[in-house]
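The file data.txt contains compact mmCIF, C-alpha atoms:
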```
# COMPACT_ATOMS: atom_id res chain seq x y z
CA MET A 1 0.00 0.00 0.00
CA SER A 2 1.42 3.39 -0.92
CA THR A 3 1.94 6.30 1.47
CA THR A 4 -0.80 8.23 -0.32
CA ASP A 5 -3.20 5.34 0.13
CA CYS A 6 -2.32 5.23 3.83
CA ASP A 7 -3.06 8.92 4.20
CA MET A 8 -6.36 8.69 2.37
CA LEU A 9 -7.53 5.75 4.47
CA ARG A 10 -6.69 7.33 7.81
CA CYS A 11 -9.53 8.05 10.27
CA ILE A 12 -9.34 10.50 13.14
CA ILE A 13 -11.43 9.97 16.25
CA PHE A 14 -13.29 12.93 17.75
CA ILE A 15 -13.71 12.36 21.43
CA ASN A 16 -17.22 13.66 21.89
CA LEU A 17 -18.60 11.30 19.23
CA LEU A 18 -17.48 8.20 21.07
CA PHE A 19 -17.72 6.59 24.48
CA VAL A 20 -16.38 3.40 25.97
CA SER A 21 -18.72 0.69 27.17
CA ASN A 22 -16.08 -1.87 28.04
CA PHE A 23 -12.39 -1.44 28.83
CA SER A 24 -10.71 -4.42 30.46
CA GLN A 25 -7.25 -5.95 30.38
CA GLY A 26 -8.48 -8.97 28.50
CA SER A 27 -10.30 -7.05 25.76
CA LEU A 28 -9.49 -3.35 25.76
CA LEU A 29 -12.00 -1.02 24.16
CA THR A 30 -13.84 -4.00 22.67
CA LYS A 31 -17.03 -2.06 22.12
CA LEU A 32 -17.44 1.58 21.21
CA ALA A 33 -20.84 3.15 20.67
CA ASN A 34 -21.45 6.59 19.26
CA GLU A 35 -24.26 8.96 18.47
CA SER A 36 -23.08 9.53 14.93
CA SER A 37 -20.04 7.68 13.66
CA ILE A 38 -17.78 9.38 11.14
CA ALA A 39 -19.68 9.26 7.88
CA LYS A 40 -18.27 7.05 5.16
CA ASN A 41 -18.65 9.77 2.59
CA THR A 42 -17.14 12.54 4.70
CA LYS A 43 -14.68 14.55 2.63
CA ARG A 44 -11.09 14.40 3.81
CA THR A 45 -8.61 17.21 4.04
CA THR A 46 -5.59 17.19 1.76
CA ASP A 47 -3.47 15.52 4.46
CA GLY A 48 -5.92 12.65 4.91
CA ARG A 49 -7.62 13.76 8.13
CA ILE A 50 -11.38 14.01 8.53
CA PRO A 51 -12.34 17.56 9.58
CA PRO A 52 -14.61 18.00 12.63
CA THR A 53 -18.24 18.95 12.28
CA LYS A 54 -19.79 21.62 14.46
CA SER A 55 -21.39 18.93 16.59
CA GLY A 56 -18.25 16.84 16.58
CA LYS A 57 -16.01 19.00 18.68
CA LEU A 58 -15.59 19.47 22.42
CA LYS A 59 -15.40 22.94 23.92
CA GLN A 60 -11.67 22.38 24.30
CA GLY A 61 -11.48 21.36 20.63
CA ILE A 62 -9.69 18.13 21.57
CA SER A 63 -9.38 15.32 19.06
CA ILE A 64 -7.32 12.14 19.21
CA CYS A 65 -6.06 9.79 16.53
CA TRP A 66 -4.80 6.23 16.76
CA PRO A 67 -1.18 6.45 15.55
CA THR A 68 -1.34 3.69 12.90
CA ILE A 69 -3.61 2.85 9.96
CA GLU A 70 -5.47 -0.09 11.54
CA ASN A 71 -7.64 1.78 14.03
CA PRO A 72 -9.01 -0.47 16.82
CA ILE A 73 -11.00 2.28 18.56
CA LEU A 74 -13.53 2.76 15.80
CA GLU A 75 -17.01 1.35 16.40
CA LYS A 76 -16.68 -1.24 13.64
CA ALA A 77 -12.96 -1.78 13.81
CA LYS A 78 -11.41 -4.70 11.93
CA TRP A 79 -8.92 -5.28 14.75
CA THR A 80 -9.19 -5.23 18.53
CA ILE A 81 -6.56 -3.36 20.53
CA ASP A 82 -5.06 -6.68 21.61
CA GLY A 83 -4.87 -7.64 17.92
CA CYS A 84 -2.85 -4.48 17.23
CA ILE A 85 -0.24 -5.16 19.92
CA GLN A 86 3.11 -6.60 18.81
CA PRO A 87 4.51 -9.03 21.41
CA MET A 88 8.20 -9.73 21.84
CA GLU A 89 9.80 -13.03 20.84
CA SER A 90 8.02 -14.76 23.72
CA GLY A 91 4.70 -14.19 21.96
CA LYS A 92 3.14 -13.10 25.25
CA LEU A 93 0.66 -10.28 24.65
CA GLU A 94 1.60 -8.45 27.85
CA SER A 95 5.18 -8.05 26.58
CA GLY A 96 3.93 -5.48 24.08
CA LYS A 97 1.81 -3.55 26.56
CA PHE A 98 2.59 -0.98 29.23
CA GLY A 99 3.90 -2.39 32.49
CA LEU A 100 5.92 -5.28 33.86
CA GLY A 101 5.26 -7.74 31.05
CA ARG A 102 8.85 -8.52 30.11
CA GLN A 103 11.48 -10.93 31.42
CA ASN A 104 8.98 -12.73 33.65
CA GLY A 105 7.66 -9.51 35.13
CA THR A 106 11.02 -7.99 36.01
CA LYS A 107 11.47 -5.46 33.19
CA PHE A 108 9.28 -2.40 32.79
CA HIS A 109 7.92 -1.26 29.40
CA GLU A 110 6.97 2.43 29.31
CA GLY A 111 4.75 2.35 26.25
CA ILE A 112 2.88 0.04 23.90
CA ASP A 113 4.18 -1.68 20.76
CA ILE A 114 1.79 -1.41 17.80
CA LYS A 115 2.38 -3.93 15.03
CA SER A 116 2.90 -3.37 11.33
CA PHE A 117 0.01 -4.23 9.00
CA THR A 118 1.32 -3.15 5.59
CA LYS A 119 4.52 -4.36 3.95
CA ASP A 120 6.12 -4.16 0.52
CA LYS A 121 7.08 -7.19 -1.59
CA SER A 122 10.32 -7.64 0.35
CA GLY A 123 8.51 -7.70 3.71
CA LYS A 124 9.60 -4.21 4.71
CA PRO A 125 6.93 -2.29 6.68
CA THR A 126 5.25 0.63 4.94
CA ASP A 127 2.71 1.72 7.61
CA CYS A 128 2.21 5.45 8.04
CA ILE A 129 2.51 6.87 11.57
CA TYR A 130 0.17 9.65 12.70
CA ALA A 131 0.08 12.26 15.48
CA PHE A 132 -2.06 11.28 18.47
CA MET A 133 -3.20 14.85 19.22
CA ASP A 134 -2.68 18.43 18.11
CA GLY A 135 0.69 19.69 19.22
CA LYS A 136 4.16 20.71 18.15
CA VAL A 137 7.26 18.77 17.13
CA VAL A 138 9.83 19.37 19.87
CA TYR A 139 12.44 16.73 19.10
CA VAL A 140 13.51 14.59 16.15
CA ASN A 141 16.24 11.95 16.29
CA ALA A 142 16.97 10.96 12.69
CA SER A 143 19.93 8.68 13.51
CA GLU A 144 19.24 5.00 14.12
CA SER A 145 22.57 4.52 15.88
CA ALA A 146 22.01 7.29 18.43
CA SER A 147 19.28 5.69 20.54
CA ALA A 148 17.67 2.44 21.65
CA TYR A 149 14.50 4.11 20.33
CA GLY A 150 16.14 4.25 16.89
CA ARG A 151 14.67 7.10 14.86
CA TYR A 152 12.07 8.81 16.99
CA VAL A 153 9.87 11.89 17.19
CA VAL A 154 8.59 13.70 20.29
CA LEU A 155 5.48 15.88 20.17
CA GLU A 156 4.51 18.36 22.85
CA HIS A 157 0.82 18.71 23.68
CA GLU A 158 -0.87 20.94 26.21
CA TYR A 159 -0.56 18.53 29.13
CA PHE A 160 1.91 15.81 28.10
CA LEU A 161 4.31 14.55 25.42
CA THR A 162 3.93 11.71 22.94
CA LEU A 163 6.86 9.71 21.58
CA TYR A 164 6.96 7.61 18.38
CA ALA A 165 9.95 5.26 18.12
CA HIS A 166 11.64 2.71 15.80
CA LEU A 167 10.68 4.71 12.71
CA ALA A 168 12.09 3.93 9.27
CA SER A 169 11.81 7.54 8.14
CA ILE A 170 10.61 10.88 9.53
CA ASN A 171 8.61 13.51 7.67
CA VAL A 172 8.51 16.36 10.22
CA SER A 173 10.95 18.85 11.72
CA VAL A 174 11.43 20.54 15.09
CA GLY A 175 9.14 23.51 15.69
CA GLN A 176 6.50 22.33 13.23
CA PRO A 177 2.88 22.60 14.45
CA ILE A 178 1.00 19.32 14.12
CA LYS A 179 -2.68 18.40 13.93
CA ALA A 180 -4.07 15.10 15.21
CA GLY A 181 -3.88 12.61 12.35
CA GLU A 182 -1.05 14.28 10.44
CA LYS A 183 1.64 11.93 9.18
CA LEU A 184 4.91 11.89 11.13
CA GLY A 185 6.79 9.18 9.26
CA ILE A 186 6.90 5.49 8.38
CA LEU A 187 6.97 2.59 10.85
CA GLY A 188 10.22 0.68 10.93
CA THR A 189 12.67 -1.46 12.88
CA SER A 190 15.35 1.08 13.82
CA SER A 191 17.23 0.70 17.13
CA ASN A 192 20.86 0.82 18.22
CA CYS A 193 20.66 -2.00 20.75
CA VAL A 194 18.49 -4.80 19.35
CA LYS A 195 17.86 -6.16 15.89
CA ILE A 196 14.13 -5.94 15.26
CA PRO A 197 13.14 -8.28 12.41
CA ASN A 198 10.56 -7.16 9.85
CA THR A 199 8.24 -9.85 11.17
CA ARG A 200 8.10 -8.00 14.50
CA ALA A 201 8.27 -4.45 13.14
CA HIS A 202 6.32 -2.09 15.36
CA LEU A 203 5.75 1.45 16.54
CA HIS A 204 6.81 1.98 20.13
CA PHE A 205 4.32 4.60 21.35
CA GLU A 206 4.56 6.48 24.64
CA ILE A 207 2.58 9.14 26.46
CA ASP A 208 5.07 10.88 28.73
CA PHE A 209 5.65 13.52 31.35
CA GLN A 210 9.02 15.26 31.42
CA ILE A 211 10.82 15.06 34.74
CA ASP A 212 12.91 18.22 34.33
CA ASN A 213 13.31 21.00 31.78
CA GLY A 214 16.95 20.04 31.27
CA GLN A 215 19.47 21.59 33.67
CA ASN A 216 18.94 19.43 36.76
CA PHE A 217 18.47 16.28 34.70
CA SER A 218 21.65 17.01 32.76
CA ALA A 219 23.59 17.38 36.02
CA TRP A 220 22.21 14.07 37.32
CA TYR A 221 22.96 12.23 34.08
CA THR A 222 26.48 13.67 33.75
CA ALA A 223 27.34 12.72 37.34
CA LYS A 224 26.04 9.18 36.82
CA TYR A 225 27.44 8.45 33.35
CA ASN A 226 30.37 10.93 33.03
CA ASN A 227 28.87 12.42 29.87
CA PRO A 228 26.09 14.90 29.13
CA PRO A 229 22.83 13.23 28.14
CA PRO A 230 22.38 12.44 24.45
CA HIS A 231 19.12 13.99 23.19
CA GLY A 232 19.17 16.49 26.06
CA ARG A 233 15.87 16.95 27.88
CA TYR A 234 14.22 14.44 25.49
CA ASN A 235 16.46 11.60 26.64
CA GLY A 236 14.36 8.61 27.74
CA TYR A 237 15.69 8.82 31.30
CA ASN A 238 14.01 12.23 31.59
CA LEU A 239 10.59 10.93 30.56
CA ILE A 240 8.03 9.05 32.66
CA GLY A 241 5.61 7.02 30.57
CA VAL A 242 1.97 6.37 31.47
CA ASP A 243 -0.29 3.73 29.96
CA PRO A 244 -1.41 5.02 26.52
CA LEU A 245 -4.44 2.72 26.54
CA VAL A 246 -5.70 4.19 29.82
CA ILE A 247 -5.20 7.74 28.55
CA THR A 248 -6.96 6.90 25.27
CA GLU A 249 -9.91 5.40 27.14
CA LYS A 250 -10.20 8.47 29.36
CA LEU A 251 -10.09 10.91 26.46
CA ILE A 252 -12.68 8.97 24.51
CA LYS A 253 -14.92 9.17 27.58
CA LYS A 254 -14.55 12.96 27.32
CA THR A 255 -12.48 13.13 30.50
CA SER A 256 -10.65 16.44 30.77
CA PRO A 257 -6.90 16.03 30.10
CA THR A 258 -6.26 17.44 33.58
CA ASN A 259 -8.14 14.46 35.09
CA VAL A 260 -6.86 11.56 33.00
CA LEU A 261 -4.76 10.28 35.92
CA SER A 262 -7.28 11.00 38.67
CA ASP A 263 -7.91 7.26 39.24
CA GLU A 264 -4.22 6.37 39.53
CA LYS A 265 -3.61 5.03 43.03
CA GLU A 266 -0.60 6.06 45.06
CA ALA A 267 1.84 3.23 45.74
CA ALA A 268 4.14 5.21 48.02
CA THR A 269 3.95 8.55 49.83
CA ILE A 270 7.15 10.29 50.79
CA GLN A 271 8.01 13.47 52.61
CA ILE A 272 11.00 15.55 51.59
CA ILE A 273 12.11 18.69 53.42
CA GLU A 274 13.57 21.25 51.04
CA ASN A 275 12.44 24.78 50.14
CA PHE A 276 12.45 24.09 46.44
CA ILE A 277 9.77 24.15 43.72
CA PRO A 278 10.87 21.88 40.85
CA GLU A 279 10.22 22.61 37.19
CA PHE A 280 7.99 19.52 37.12
CA ILE A 281 5.48 21.30 39.36
CA LYS A 282 5.76 24.58 37.48
CA GLN A 283 4.99 22.72 34.26
CA TYR A 284 2.32 20.31 35.52
CA ALA A 285 0.80 22.07 38.53
CA GLU A 286 -2.67 21.97 36.97
CA LEU A 287 -2.51 18.18 36.83
CA PHE A 288 -0.67 17.18 39.99
CA ALA A 289 -0.88 20.17 42.39
CA PRO A 290 -3.94 22.20 41.32
CA ASP A 291 -4.32 24.05 44.63
CA ILE A 292 -0.74 25.20 45.12
CA ASP A 293 0.17 28.86 45.15
CA LEU A 294 3.51 28.93 43.34
CA SER A 295 4.27 32.40 44.71
CA LYS A 296 4.17 31.13 48.30
CA PRO A 297 7.41 29.72 49.78
CA VAL A 298 7.39 26.05 50.75
CA CYS A 299 9.54 24.18 53.25
CA GLY A 300 9.01 20.75 51.75
CA TRP A 301 6.63 18.37 50.05
CA GLU A 302 4.47 15.36 50.64
CA ILE A 303 4.53 13.50 47.32
CA GLN A 304 2.49 10.49 46.25
CA PHE A 305 4.11 8.23 43.65
CA SER A 306 2.46 5.68 41.37
CA TRP A 307 3.83 2.14 41.26
CA PHE A 308 5.79 3.08 38.11
CA GLY A 309 7.41 6.18 39.62
CA LEU A 310 5.21 9.08 38.47
CA PRO A 311 4.75 11.75 41.20
CA ILE A 312 0.97 11.98 40.87
CA ARG A 313 0.05 14.27 43.80
CA TRP A 314 2.03 17.06 45.45
CA ILE A 315 1.06 18.61 48.79
CA PRO A 316 3.24 21.52 49.95
CA ILE A 317 4.60 21.70 53.51
CA TYR A 318 4.70 25.29 54.73
CA SER A 319 6.05 24.83 58.27
CA ASN A 320 9.62 23.74 58.88
CA SER A 321 10.92 21.46 61.59
CA LYS A 322 14.56 20.63 62.22
CA GLN A 323 13.46 17.31 63.68
CA ARG A 324 12.08 16.05 60.39
CA PRO A 325 14.32 13.76 58.31
CA LYS A 326 15.37 14.94 54.85
CA LEU A 327 13.55 12.12 53.02
CA LYS A 328 11.04 9.80 54.62
CA LEU A 329 8.62 7.14 53.44
CA THR A 330 5.38 7.98 55.26
CA SER A 331 3.08 5.27 53.82
CA TYR A 332 2.70 2.70 51.07
CA ARG A 333 -0.15 0.72 49.55
CA LYS A 334 0.17 -2.96 50.39
CA SER A 335 -1.71 -4.12 47.28
CA LEU A 336 0.92 -2.43 45.06
CA VAL A 337 4.03 -3.42 47.01
CA LYS A 338 5.07 -6.25 44.68
CA GLN A 339 4.79 -4.11 41.53
CA SER A 340 6.49 -1.20 43.27
CA ILE A 341 9.44 -3.31 44.41
CA LEU A 342 9.88 -4.86 40.96
CA ASN A 343 9.94 -1.36 39.49
CA ASN A 344 12.30 0.00 42.20
CA VAL A 345 9.73 2.48 43.52
CA LEU A 346 9.97 0.69 46.85
CA GLU A 347 12.73 -1.48 48.25
CA GLU A 348 12.57 -4.31 50.72
CA LYS A 349 15.47 -4.51 53.14
CA LYS A 350 16.39 -6.66 56.08
CA SER A 351 16.36 -4.59 59.24
CA PRO A 352 19.01 -5.10 61.96
CA LYS A 353 16.39 -7.06 63.90
CA GLY A 354 16.03 -9.51 61.03
CA SER A 355 12.58 -8.49 59.86
CA ASN A 356 11.76 -7.08 56.42
CA GLU A 357 11.52 -3.30 56.09
CA ILE A 358 9.97 -1.38 53.19
CA THR A 359 11.94 1.73 52.22
CA VAL A 360 12.09 4.32 49.44
CA GLY A 361 13.31 2.72 46.19
CA SER A 362 15.96 3.92 43.76
CA LYS A 363 13.42 5.04 41.14
CA ILE A 364 11.87 7.60 43.52
CA ILE A 365 15.31 8.76 44.68
CA ASN A 366 16.62 9.13 41.13
CA ASN A 367 13.50 10.94 39.91
CA LEU A 368 13.79 13.40 42.82
CA LYS A 369 17.47 13.97 41.99
CA LYS A 370 16.63 14.55 38.31
CA MET A 371 14.25 17.28 39.48
CA GLY A 372 16.99 18.93 41.50
CA PHE A 373 16.21 17.70 45.01
CA ALA A 374 18.99 16.77 47.40
CA THR A 375 17.82 13.48 48.93
CA ASN A 376 20.39 13.07 51.73
```
Could I get this file's structure written as structure tokens?
Amino acid sequence: MSTTDCDMLRCIIFINLLFVSNFSQGSLLTKLANESSIAKNTKRTTDGRIPPTKSGKLKQGISICWPTIENPILEKAKWTIDGCIQPMESGKLESGKFGLGRQNGTKFHEGIDIKSFTKDKSGKPTDCIYAFMDGKVVYVNASESASAYGRYVVLEHEYFLTLYAHLASINVSVGQPIKAGEKLGILGTSSNCVKIPNTRAHLHFEIDFQIDNGQNFSAWYTAKYNNPPPHGRYNGYNLIGVDPLVITEKLIKKTSPTNVLSDEKEAATIQIIENFIPEFIKQYAELFAPDIDLSKPVCGWEIQFSWFGLPIRWIPIYSNSKQRPKLKLTSYRKSLVKQSILNNVLEEKKSPKGSNEITVGSKIINNLKKMGFATN
């Protein structure tokens, strides 16, 4: 199938036309109902997107688009979401999804892998890749050898970033404004650390939050690896991925982008005493600390972390006490302890008395350091 054919076949999903009636781990988004599905004879724009109707647009004007041609979130989709996931060599479906589905549950995957559906006569993938939402191109890595992501593109949206990796080619440049459904490039197998065969070609797709705007992260990375970070602030170590399928479900349900993580449970709550407001809060206050007054000095923070290390809720501490420790684990959720330990959000140690003790894990400590906190 040619690139032009891909563009002309592409469908964009307008959130307020759709809602989810079932979203489970076994069969994600298996049924979508809508008041008025996108008409078959709707005229497309020159770039292949379907323009919104007056009744097909939220007040915020938000639209989302599945990033590949086979769109499983349409009402009458040919493929389910599970059918669009590309597993690793193990063949286990969970290995292509977000979470601890790799190496027997010991390796974390920060995005989803979406398989290739169109190939040329030699078996090389030809699938077009599309922007998930309106935004702006903020980073392009065109060199396969420069990253485990291979060739990748990062888009900045109002509340988060999206990342598209393992591309064969890229059709956009930094600074370019992007509409949901616009083509970014062609799916591929590029990577500098593993050989991805054409039979398992896929798009690695992430929805991310940036830990730091660059300076503090660069200092952390340089101290740890004796070199400045390749790709700067768009280095993977400076990005925290969230489950794209959960975010997609929320947006289709017309959830405000500021509330897409409202159901995420805290796995660990820590307290850190330092009169410092990190760039993370300045950038994402509306999502994670909506009631904070950034002009008011703070003495420290109570921070709730998800099991995968995202600081999901920030509560400022305004009164100082010399008796408080610098960094302290104040509580943790027992039902998420196993996941949190596997992902280094929590750590289990033997206490001097011989019993097991749950403490703050290296992922929390490193994420705090990347933000500029001194943790000891």
Please report as a tab-separated table every residue of segment 71-118 of chain A lying within 6 Å of segment 198-220 of chain A, along with the nearest atom pair and their distance in Å (one decimal), using only C-alpha atoms.
```
residue	atom	partner	partner_atom	distance
A:Gly111	CA	A:Glu206	CA	4.4
A:Ile112	CA	A:Phe205	CA	5.4
A:Asp113	CA	A:His204	CA	4.6
A:Ile114	CA	A:Leu203	CA	5.0
A:Lys115	CA	A:His202	CA	4.4
A:Ser116	CA	A:His202	CA	5.4
```
Nearest to Leu74 of chain A: which of A:Asn104, A:Glu348, A:Ile252, A:Tyr332 is it, counting only C-alpha atoms?
-> A:Ile252
Contacts of Asn141 of chain A within 12 Å, all atoms listed in the file, excl. fewer than 2 positions in-chain, as a ChimeraX atom specification = /A:137-139,143-154,163-174,190-191,230-232,234-235
Suppose we keep C-alpha atoms; can you now write the selection as an mmCIF file, in the frame of the given file?
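Listing of part_4.cif after writing:
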```cif
data_model
loop_
_atom_site.group_PDB
_atom_site.id
_atom_site.type_symbol
_atom_site.label_atom_id
_atom_site.label_comp_id
_atom_site.auth_asym_id
_atom_site.auth_seq_id
_atom_site.Cartn_x
_atom_site.Cartn_y
_atom_site.Cartn_z
ATOM 1 C CA VAL A 137 7.260 18.770 17.130
ATOM 2 C CA VAL A 138 9.830 19.370 19.870
ATOM 3 C CA TYR A 139 12.440 16.730 19.100
ATOM 4 C CA SER A 143 19.930 8.680 13.510
ATOM 5 C CA GLU A 144 19.240 5.000 14.120
ATOM 6 C CA SER A 145 22.570 4.520 15.880
ATOM 7 C CA ALA A 146 22.010 7.290 18.430
ATOM 8 C CA SER A 147 19.280 5.690 20.540
ATOM 9 C CA ALA A 148 17.670 2.440 21.650
ATOM 10 C CA TYR A 149 14.500 4.110 20.330
ATOM 11 C CA GLY A 150 16.140 4.250 16.890
ATOM 12 C CA ARG A 151 14.670 7.100 14.860
ATOM 13 C CA TYR A 152 12.070 8.810 16.990
ATOM 14 C CA VAL A 153 9.870 11.890 17.190
ATOM 15 C CA VAL A 154 8.590 13.700 20.290
ATOM 16 C CA LEU A 163 6.860 9.710 21.580
ATOM 17 C CA TYR A 164 6.960 7.610 18.380
ATOM 18 C CA ALA A 165 9.950 5.260 18.120
ATOM 19 C CA HIS A 166 11.640 2.710 15.800
ATOM 20 C CA LEU A 167 10.680 4.710 12.710
ATOM 21 C CA ALA A 168 12.090 3.930 9.270
ATOM 22 C CA SER A 169 11.810 7.540 8.140
ATOM 23 C CA ILE A 170 10.610 10.880 9.530
ATOM 24 C CA ASN A 171 8.610 13.510 7.670
ATOM 25 C CA VAL A 172 8.510 16.360 10.220
ATOM 26 C CA SER A 173 10.950 18.850 11.720
ATOM 27 C CA VAL A 174 11.430 20.540 15.090
ATOM 28 C CA SER A 190 15.350 1.080 13.820
ATOM 29 C CA SER A 191 17.230 0.700 17.130
ATOM 30 C CA PRO A 230 22.380 12.440 24.450
ATOM 31 C CA HIS A 231 19.120 13.990 23.190
ATOM 32 C CA GLY A 232 19.170 16.490 26.060
ATOM 33 C CA TYR A 234 14.220 14.440 25.490
ATOM 34 C CA ASN A 235 16.460 11.600 26.640
#
```
Nearest residue to Asn343 of chain A from the set A:Lys326, A:His109, A:Lys224, A:Lys183 (distances using all atoms listed in the file) =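 So, comparing all the options, the nearest one is A:His109.
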For Gly236 of chain A, which residue among A:Pro197, A:Gly309, A:Glu110, A:Thr189 is the nearest when counting only C-alpha atoms?
->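 The shortest atom-to-atom distance to Gly236 of chain A comes from A:Glu110.
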Please identify all polymer residues within 6 Å of Asp134 of chain A, counting all atoms listed in the file, omitting same-chain residues fewer than 2 positions from it, and present them as a list in words.
->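 In the requested format, the answer is Ile178, Lys179 and Ala180 of chain A.
The smallest atom-to-atom distance between Met371 of chain A and any of A:Leu329, A:Ile73, A:Val260, A:Leu239, using all atoms listed in the file, is found for A:Leu239.
Residue nearest Pro257 of chain A within the list A:Thr222, A:Glu158, A:Ile303, A:Ile358: A:Glu158 [criterion: smallest interatomic distance, all atoms listed in the file].
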